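Asks: Data file structure_19.cif (mmCIF, C-alpha atoms and all ligand atoms) is appended below.
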data_protein
#
loop_
_atom_site.label_atom_id
_atom_site.label_comp_id
_atom_site.auth_asym_id
_atom_site.auth_seq_id
_atom_site.Cartn_x
_atom_site.Cartn_y
_atom_site.Cartn_z
CA MET Q 29 7.41 7.08 -11.94
CA VAL Q 30 9.29 4.91 -9.43
CA ASN Q 31 12.15 6.63 -7.64
CA THR Q 32 15.05 4.18 -7.97
CA SER Q 33 17.86 6.64 -7.17
CA LYS Q 34 19.89 5.90 -4.08
CA LYS Q 35 18.94 9.15 -2.35
CA THR Q 36 15.30 10.06 -1.95
CA VAL Q 37 14.52 13.25 -3.89
CA LEU Q 38 13.60 15.98 -1.42
CA THR Q 39 11.63 19.16 -1.81
CA GLY Q 40 11.80 22.37 0.25
CA ASN Q 41 14.74 24.16 1.87
CA SER Q 42 17.78 21.94 1.27
CA SER Q 43 19.69 23.35 4.26
CA GLN Q 44 17.15 21.66 6.49
CA GLY Q 45 17.00 17.98 7.17
CA THR Q 46 14.13 15.66 6.26
CA LEU Q 47 11.80 13.89 8.63
CA TYR Q 48 11.15 10.34 7.37
CA ILE Q 49 8.05 8.58 8.71
CA VAL Q 50 9.28 5.00 8.68
CA SER Q 51 6.84 2.10 9.11
CA THR Q 52 8.25 -0.97 10.83
CA PRO Q 53 6.87 -4.53 11.27
CA ILE Q 54 3.93 -5.16 13.62
CA GLY Q 55 5.53 -8.45 14.61
CA ASN Q 56 7.28 -10.35 11.87
CA MET Q 57 10.65 -8.71 11.17
CA GLU Q 58 10.57 -9.97 7.58
CA ASP Q 59 7.92 -7.32 6.92
CA ILE Q 60 10.48 -4.50 6.98
CA THR Q 61 10.90 -2.93 3.54
CA LEU Q 62 14.18 -2.50 1.69
CA ARG Q 63 13.59 1.24 1.58
CA ALA Q 64 12.94 1.43 5.33
CA LEU Q 65 16.25 -0.36 5.96
CA ARG Q 66 18.13 2.03 3.69
CA ILE Q 67 16.58 5.12 5.25
CA LEU Q 68 17.22 3.85 8.80
CA LYS Q 69 20.85 3.30 7.81
CA GLU Q 70 21.31 6.67 6.08
CA VAL Q 71 19.64 9.09 8.51
CA ASP Q 72 21.57 10.86 11.28
CA LEU Q 73 19.12 9.98 14.04
CA VAL Q 74 16.24 7.57 14.68
CA ALA Q 75 13.51 8.91 16.98
CA ALA Q 76 11.82 5.82 18.41
CA GLU Q 77 8.76 5.34 20.60
CA ASP Q 78 10.42 2.32 22.21
CA THR Q 79 14.21 2.47 21.91
CA ARG Q 80 14.61 -1.09 23.24
CA ARG Q 81 12.31 -2.59 20.59
CA THR Q 82 13.69 -0.44 17.77
CA GLY Q 83 17.22 -1.21 19.02
CA LEU Q 84 16.51 -4.92 18.46
CA LEU Q 85 15.28 -4.20 14.94
CA LEU Q 86 18.34 -2.11 14.10
CA ARG Q 87 20.74 -4.71 15.52
CA ARG Q 88 19.02 -7.47 13.58
CA PHE Q 89 19.78 -5.58 10.35
CA GLU Q 90 23.21 -4.35 11.51
CA ILE Q 91 22.20 -0.69 11.51
CA GLU Q 92 24.20 1.53 13.84
CA THR Q 93 22.33 4.83 13.56
CA PRO Q 94 22.01 6.62 16.95
CA LEU Q 95 18.62 6.34 18.65
CA THR Q 96 16.70 8.84 20.72
CA SER Q 97 13.39 8.29 22.51
CA TYR Q 98 10.17 9.98 21.46
CA PHE Q 99 7.08 8.72 23.26
CA GLU Q 100 3.88 9.86 24.93
CA GLY Q 101 5.13 11.59 28.05
CA ASN Q 102 8.30 13.17 26.65
CA GLU Q 103 6.97 14.16 23.24
CA LEU Q 104 6.42 17.85 24.01
CA LYS Q 105 10.00 18.35 25.18
CA LYS Q 106 11.52 15.92 22.71
CA ARG Q 107 9.87 17.28 19.61
CA GLU Q 108 11.72 20.61 20.11
CA PHE Q 109 15.02 18.72 20.32
CA ILE Q 110 14.23 16.75 17.16
CA LEU Q 111 13.07 19.90 15.36
CA ALA Q 112 16.37 21.61 16.26
CA LYS Q 113 18.28 18.67 14.70
CA LEU Q 114 16.17 18.91 11.53
CA LYS Q 115 16.80 22.66 11.32
CA GLU Q 116 20.56 21.99 11.66
CA GLY Q 117 20.26 19.89 8.49
CA LYS Q 118 20.17 16.46 10.12
CA ASN Q 119 17.88 13.80 8.65
CA VAL Q 120 15.68 12.05 11.19
CA ALA Q 121 13.62 8.84 10.92
CA LEU Q 122 10.55 8.67 13.14
CA VAL Q 123 9.69 5.09 14.15
CA SER Q 124 6.82 3.99 16.37
CA ASP Q 125 6.64 1.01 18.70
CA ALA Q 126 5.46 -0.98 15.66
CA GLY Q 127 3.59 -0.23 12.47
CA THR Q 128 3.07 3.18 10.93
CA PRO Q 129 4.12 6.19 13.03
CA GLY Q 130 1.34 8.66 13.72
CA ILE Q 131 -1.48 6.09 13.67
CA SER Q 132 -2.80 6.12 17.26
CA ASP Q 133 0.57 7.13 18.67
CA PRO Q 134 2.26 10.47 19.53
CA GLY Q 135 4.05 10.61 16.15
CA PHE Q 136 1.54 13.01 14.68
CA ARG Q 137 2.60 15.83 17.08
CA LEU Q 138 6.13 15.79 15.67
CA ILE Q 139 4.83 15.52 12.11
CA GLU Q 140 2.53 18.51 12.70
CA LEU Q 141 5.40 20.60 14.08
CA ALA Q 142 7.72 19.65 11.21
CA ILE Q 143 5.08 20.70 8.66
CA GLU Q 144 4.53 24.02 10.48
CA SER Q 145 8.30 24.56 10.35
CA GLN Q 146 8.40 23.74 6.62
CA ILE Q 147 10.59 20.68 7.13
CA PRO Q 148 10.12 18.11 4.35
CA VAL Q 149 8.20 15.08 5.63
CA VAL Q 150 8.63 11.89 3.59
CA PRO Q 151 6.57 8.70 4.11
CA ILE Q 152 8.30 5.31 4.06
CA PRO Q 153 5.20 3.09 3.99
CA GLY Q 154 4.81 -0.37 5.46
CA PRO Q 155 2.59 -2.31 7.85
CA SER Q 156 -0.13 -0.91 10.07
CA ALA Q 157 -2.19 -3.12 12.38
CA ALA Q 158 -5.48 -1.49 11.35
CA ILE Q 159 -5.00 -2.07 7.61
CA THR Q 160 -3.49 -5.53 8.14
CA ALA Q 161 -6.55 -6.59 10.17
CA LEU Q 162 -8.96 -5.03 7.67
CA SER Q 163 -7.25 -6.80 4.77
CA VAL Q 164 -8.07 -10.27 6.15
CA SER Q 165 -11.44 -9.36 7.65
CA GLY Q 166 -13.56 -10.23 4.61
CA LEU Q 167 -15.68 -7.18 5.49
CA PRO Q 168 -16.20 -4.29 3.05
CA THR Q 169 -12.99 -2.32 2.63
CA ASP Q 170 -14.15 0.38 0.21
CA ALA Q 171 -14.99 2.61 3.18
CA PHE Q 172 -14.09 2.12 6.82
CA PHE Q 173 -14.16 3.99 10.10
CA PHE Q 174 -10.99 3.72 12.20
CA LYS Q 175 -11.42 4.90 15.77
CA GLY Q 176 -8.10 3.87 17.35
CA PHE Q 177 -8.35 2.72 20.98
CA LEU Q 178 -11.74 2.24 22.58
CA PRO Q 179 -12.13 4.05 25.94
CA HIS Q 180 -10.93 2.00 28.95
CA LYS Q 181 -13.95 2.78 31.12
CA SER Q 182 -17.11 0.83 30.30
CA ARG Q 183 -19.42 3.85 30.48
CA LYS Q 184 -17.38 5.89 28.01
CA ARG Q 185 -16.91 2.86 25.78
CA ARG Q 186 -20.65 2.23 25.70
CA ASP Q 187 -21.33 5.92 24.97
CA LEU Q 188 -18.91 5.79 22.05
CA LEU Q 189 -20.46 2.59 20.70
CA LYS Q 190 -23.91 4.24 20.88
CA GLN Q 191 -22.56 7.17 18.85
CA LEU Q 192 -21.25 4.73 16.24
CA GLU Q 193 -24.41 2.63 16.04
CA GLU Q 194 -25.57 4.22 12.79
CA VAL Q 195 -22.19 4.13 11.02
CA LYS Q 196 -22.54 2.05 7.84
CA GLU Q 197 -18.82 1.65 7.18
CA THR Q 198 -16.70 -1.20 8.58
CA LEU Q 199 -15.44 -0.23 12.07
CA ILE Q 200 -11.85 -0.78 13.22
CA PHE Q 201 -10.66 -0.51 16.84
CA TYR Q 202 -7.50 -1.24 18.77
CA GLU Q 203 -8.18 -3.05 22.06
CA SER Q 204 -6.28 -4.48 25.00
CA PRO Q 205 -6.51 -8.24 25.72
CA HIS Q 206 -7.41 -7.42 29.36
CA ARG Q 207 -10.64 -5.72 28.38
CA ILE Q 208 -11.64 -7.77 25.36
CA SER Q 209 -14.43 -9.83 26.98
CA GLU Q 210 -16.02 -6.74 28.54
CA THR Q 211 -15.76 -4.92 25.21
CA LEU Q 212 -17.34 -7.81 23.28
CA ARG Q 213 -20.24 -7.85 25.75
CA ASP Q 214 -20.72 -4.08 25.28
CA ILE Q 215 -20.58 -4.52 21.49
CA PHE Q 216 -23.18 -7.29 21.63
CA GLU Q 217 -25.54 -5.23 23.79
CA ILE Q 218 -25.16 -1.99 21.85
CA LEU Q 219 -24.36 -2.91 18.25
CA GLY Q 220 -26.16 -6.26 18.33
CA ASP Q 221 -25.73 -9.00 15.79
CA ARG Q 222 -22.69 -7.67 13.97
CA GLU Q 223 -20.10 -9.68 12.15
CA ILE Q 224 -16.82 -9.31 14.09
CA VAL Q 225 -13.27 -10.26 13.22
CA LEU Q 226 -10.98 -10.39 16.24
CA THR Q 227 -7.36 -10.37 15.11
CA ARG Q 228 -4.63 -11.09 17.63
CA GLU Q 229 -0.84 -11.09 17.32
CA LEU Q 230 -0.98 -10.54 13.55
CA THR Q 231 2.17 -11.67 11.71
CA LYS Q 232 3.55 -13.27 14.91
CA VAL Q 233 3.91 -16.92 15.90
CA TYR Q 234 0.59 -16.98 17.78
CA GLU Q 235 -1.37 -15.10 15.14
CA GLU Q 236 -5.07 -15.79 15.57
CA ILE Q 237 -8.13 -14.61 13.66
CA ILE Q 238 -11.54 -15.33 15.18
CA ARG Q 239 -14.70 -14.58 13.19
CA GLY Q 240 -18.26 -14.52 14.44
CA LYS Q 241 -20.85 -12.54 16.40
CA ALA Q 242 -19.75 -11.12 19.75
CA ASP Q 243 -21.47 -13.92 21.72
CA GLU Q 244 -19.95 -16.61 19.48
CA ILE Q 245 -16.49 -15.15 19.92
CA LEU Q 246 -17.01 -14.94 23.70
CA ASN Q 247 -17.97 -18.63 23.67
CA GLN Q 248 -14.90 -19.52 21.66
CA ILE Q 249 -12.61 -17.62 23.98
CA GLY Q 250 -14.24 -19.24 27.02
CA ASP Q 251 -11.96 -19.07 30.05
CA ARG Q 252 -8.86 -18.40 27.98
CA ARG Q 253 -7.02 -15.25 29.06
CA LEU Q 254 -6.03 -13.71 25.76
CA LYS Q 255 -2.57 -12.20 25.55
CA GLY Q 256 -0.84 -9.97 23.04
CA GLU Q 257 -2.12 -7.27 20.74
CA ILE Q 258 -5.65 -7.13 19.39
CA THR Q 259 -7.36 -5.28 16.55
CA LEU Q 260 -11.12 -5.61 16.16
CA VAL Q 261 -12.91 -5.23 12.83
CA ILE Q 262 -16.71 -4.96 12.98
CA SER Q 263 -19.27 -4.81 10.20
CA GLY Q 264 -21.08 -1.54 9.65
CA LYS Q 265 -24.76 -1.14 10.33
CA THR Q 266 -26.16 -2.45 7.06
CA ARG Q 267 -24.07 -5.57 6.65
CA LYS Q 268 -25.96 -8.79 7.46
CA PHE Q 269 -24.16 -11.55 9.32
CA THR Q 270 -23.68 -14.54 7.02
CA ARG Q 271 -20.87 -16.69 8.35
CA SER Q 272 -20.66 -19.06 11.26
CA ALA Q 273 -17.87 -18.53 13.77
CA ALA Q 274 -14.54 -19.79 12.48
CA ARG Q 275 -11.06 -19.61 13.86
CA SER Q 276 -7.84 -19.43 11.81
CA PRO Q 277 -4.83 -20.77 13.66
CA ALA Q 278 -1.33 -19.50 12.88
CA PHE Q 279 -0.38 -22.59 10.88
CA GLU Q 280 -3.51 -22.81 8.77
CA GLY Q 281 -2.96 -23.69 5.14
CA GLY Q 282 0.55 -24.95 5.81
CA VAL Q 283 1.85 -21.40 6.24
CA ASP Q 284 4.48 -21.36 8.94
CA LYS Q 285 4.88 -18.03 10.71
CA ARG Q 286 7.75 -19.02 12.95
CA GLY Q 287 10.03 -16.49 11.27
CA SER Q 288 8.23 -13.74 13.20
CA GLY Q 289 9.96 -11.51 15.72
N1 LIG Q 301 0.98 2.83 14.81
C1 LIG Q 301 0.62 1.44 14.97
C2 LIG Q 301 0.18 0.84 13.62
O1 LIG Q 301 0.21 1.53 12.62
O2 LIG Q 301 -0.13 -0.35 13.58
C3 LIG Q 301 -0.45 1.26 16.02
C4 LIG Q 301 -0.04 1.80 17.35
S1 LIG Q 301 -1.16 1.48 18.64
C5 LIG Q 301 -0.28 2.34 19.91
C6 LIG Q 301 -0.86 -0.22 19.08
C7 LIG Q 301 -2.11 -1.09 18.96
O3 LIG Q 301 -2.18 -1.62 17.64
C8 LIG Q 301 -2.07 -2.32 19.87
O4 LIG Q 301 -2.49 -2.02 21.19
C9 LIG Q 301 -3.05 -3.24 19.15
O5 LIG Q 301 -4.39 -2.90 19.45
C10 LIG Q 301 -2.74 -2.91 17.67
N2 LIG Q 301 -1.71 -3.85 17.18
C11 LIG Q 301 -0.37 -3.64 17.10
N3 LIG Q 301 0.26 -4.75 16.62
C12 LIG Q 301 -0.70 -5.67 16.41
C13 LIG Q 301 -0.68 -7.02 15.95
N4 LIG Q 301 0.47 -7.62 15.62
N5 LIG Q 301 -1.86 -7.69 15.85
C14 LIG Q 301 -3.03 -7.09 16.17
N6 LIG Q 301 -3.11 -5.82 16.63
C15 LIG Q 301 -1.96 -5.11 16.76
#
Output the file's structure in the form of structure tokens.
Ligand code: SAM

Replies:
Amino acid sequence: MVNTSKKTVLTGNSSQGTLYIVSTPIGNMEDITLRALRILKEVDLVAAEDTRRTGLLLRRFEIETPLTSYFEGNELKKREFILAKLKEGKNVALVSDAGTPGISDPGFRLIELAIESQIPVVPIPGPSAAITALSVSGLPTDAFFFKGFLPHKSRKRRDLLKQLEEVKETLIFYESPHRISETLRDIFEILGDREIVLTRELTKVYEEIIRGKADEILNQIGDRRLKGEITLVISGKTRKFTRSAARSPAFEGGVDKRGSG
């Protein structure tokens, strides 16, 4: 049954607050949900990975809830502070830099602690880069293997790719634009002729989706220095490559993405 009441129904000890795991847009601000906006407005505190970026989001929707930082580096100290607030009965929204908190970011450490302390944890779902990339990949989605960030160092990256060589499910990785060419070369050498979907700046003005084998994508990129945020989707071991390389620009099909943030 859909919960249409104004307040979210909570379980557990009512003298404690609730930790809301609030997904936010991965680029385009229009992707915020109505429920996320309401929760961000109603909670006592927003714990944000990047207070500047979340501050912009809150201002855009005229939300004045106080912000506190929670990021890799202060998370051990800060999670005790946030837990104390929750135990006092305050409701807290956890927000990551972008996307779904806890997915390849320090959010999970706070979530783990809240669960151990029997604080109710409520998901407010929305975008995540991994699922957004997978959804347009055209690769099998019934089973997939998400590995988060690939190691920065080539040797470790290659070792990891060797370990994943036999995986039959679609692979999903986060990658930095600075390392993308090196990574594609490693993928080509170790995983071979796989179908790859390189997604960049999803939902933003310069959204780009490049499909092809690693060498075809490297050719397409050429001397271009890619910028922005990248998610790679790669076919699993059994999938045969069938398509030729194709690139989808941001304005393909008459869809204008200039509303993005
Ligand atoms: N928790 C986030 C989520 O659910 O999407 C992911 C956090 S992780 C620290 C950030 C990485 O996600 C980026 O380095 C990039 O690889 C990927 N990413 C984030 N936004 C993206 C976008 N708009 N397009 C493509 N990849 C993106």

Asks: Any chance you could tabulate, as a tab-separated table, the residues of chain Q at most 9 Å from ligand LIG 301 (chain Q) with each one's nearest atom pair and distance in Å to one decimal, using all atoms listed in the file, in chain and rising number order?

Replies:
residue	atom	partner	partner_atom	distance
Q:Ser51	CA	Q:LIG301	O1	7.5
Q:Thr52	CA	Q:LIG301	O1	8.6
Q:Pro53	CA	Q:LIG301	N4	8.3
Q:Ile54	CA	Q:LIG301	N4	4.7
Q:Gly55	CA	Q:LIG301	N4	5.2
Q:Asn56	CA	Q:LIG301	N4	8.2
Q:Ser124	CA	Q:LIG301	N1	6.2
Q:Asp125	CA	Q:LIG301	C4	6.9
Q:Ala126	CA	Q:LIG301	C1	5.5
Q:Gly127	CA	Q:LIG301	C2	3.8
Q:Thr128	CA	Q:LIG301	O1	3.7
Q:Pro129	CA	Q:LIG301	N1	4.9
Q:Gly130	CA	Q:LIG301	N1	5.9
Q:Ile131	CA	Q:LIG301	N1	4.2
Q:Ser132	CA	Q:LIG301	S1	5.1
Q:Asp133	CA	Q:LIG301	C5	5.0
Q:Pro134	CA	Q:LIG301	C5	8.5
Q:Gly135	CA	Q:LIG301	N1	8.5
Q:Gly154	CA	Q:LIG301	O1	8.7
Q:Pro155	CA	Q:LIG301	O1	6.6
Q:Ser156	CA	Q:LIG301	O1	3.5
Q:Ala157	CA	Q:LIG301	O2	3.7
Q:Ala158	CA	Q:LIG301	O2	5.9
Q:Ile159	CA	Q:LIG301	O2	7.9
Q:Thr160	CA	Q:LIG301	N5	8.2
Q:Ala161	CA	Q:LIG301	C14	7.0
Q:Gly176	CA	Q:LIG301	S1	7.5
Q:Phe177	CA	Q:LIG301	O5	7.0
Q:Phe201	CA	Q:LIG301	O5	7.2
Q:Tyr202	CA	Q:LIG301	O5	3.6
Q:Glu203	CA	Q:LIG301	O5	4.6
Q:Ser204	CA	Q:LIG301	O4	5.9
Q:Pro205	CA	Q:LIG301	O5	8.5
Q:Leu226	CA	Q:LIG301	C14	8.6
Q:Thr227	CA	Q:LIG301	C14	5.5
Q:Arg228	CA	Q:LIG301	C14	4.5
Q:Glu229	CA	Q:LIG301	N5	3.8
Q:Leu230	CA	Q:LIG301	N5	3.8
Q:Thr231	CA	Q:LIG301	N4	5.9
Q:Lys232	CA	Q:LIG301	N4	6.5
Q:Glu235	CA	Q:LIG301	N5	7.5
Q:Glu236	CA	Q:LIG301	N5	8.7
Q:Gly256	CA	Q:LIG301	N5	7.6
Q:Glu257	CA	Q:LIG301	C9	4.4
Q:Ile258	CA	Q:LIG301	N6	4.0
Q:Thr259	CA	Q:LIG301	N6	4.3
Q:Leu260	CA	Q:LIG301	O5	8.0

Asks: Could you pull the residues within 12 Å of region 148-150 of chain Q, counting all atoms listed in the file, minus those fewer than 4 positions along the same chain, as an NGL selection string?

Replies: :Q and (36-51 or 63-64 or 67 or 111 or 114-115 or 117-122 or 129 or 136 or 138-144)

Asks: Between Q:Arg80, Q:Lys184, Q:Lys69, Q:Lys196, which is the closest to Ser97 (chain Q) once you count all atoms listed in the file?

Replies: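 Of Q:Arg80, Q:Lys184, Q:Lys69, Q:Lys196, the one nearest Ser97 (chain Q) is Q:Arg80, counting all atoms listed in the file.
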
Asks: Quote the spacing between CA of Glu217 (chain Q) and CA of Val261 (chain Q) in Å to one decimal place.

Replies: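 Computing it gives 16.7 Å between the two atoms.
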
Asks: How far is it from CA of Pro94 (chain Q) to CA of Leu73 (chain Q), in Å with one decimal?

Replies: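 Between CA of Pro94 (chain Q) and CA of Leu73 (chain Q) the gap is 5.3 Å.
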
Asks: Between CA of Arg87 (chain Q) and CA of Val74 (chain Q), measure the distance and give it in Å to one decimal.

Replies: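 One can read the CA of Arg87 (chain Q) to CA of Val74 (chain Q) distance as 13.1 Å.
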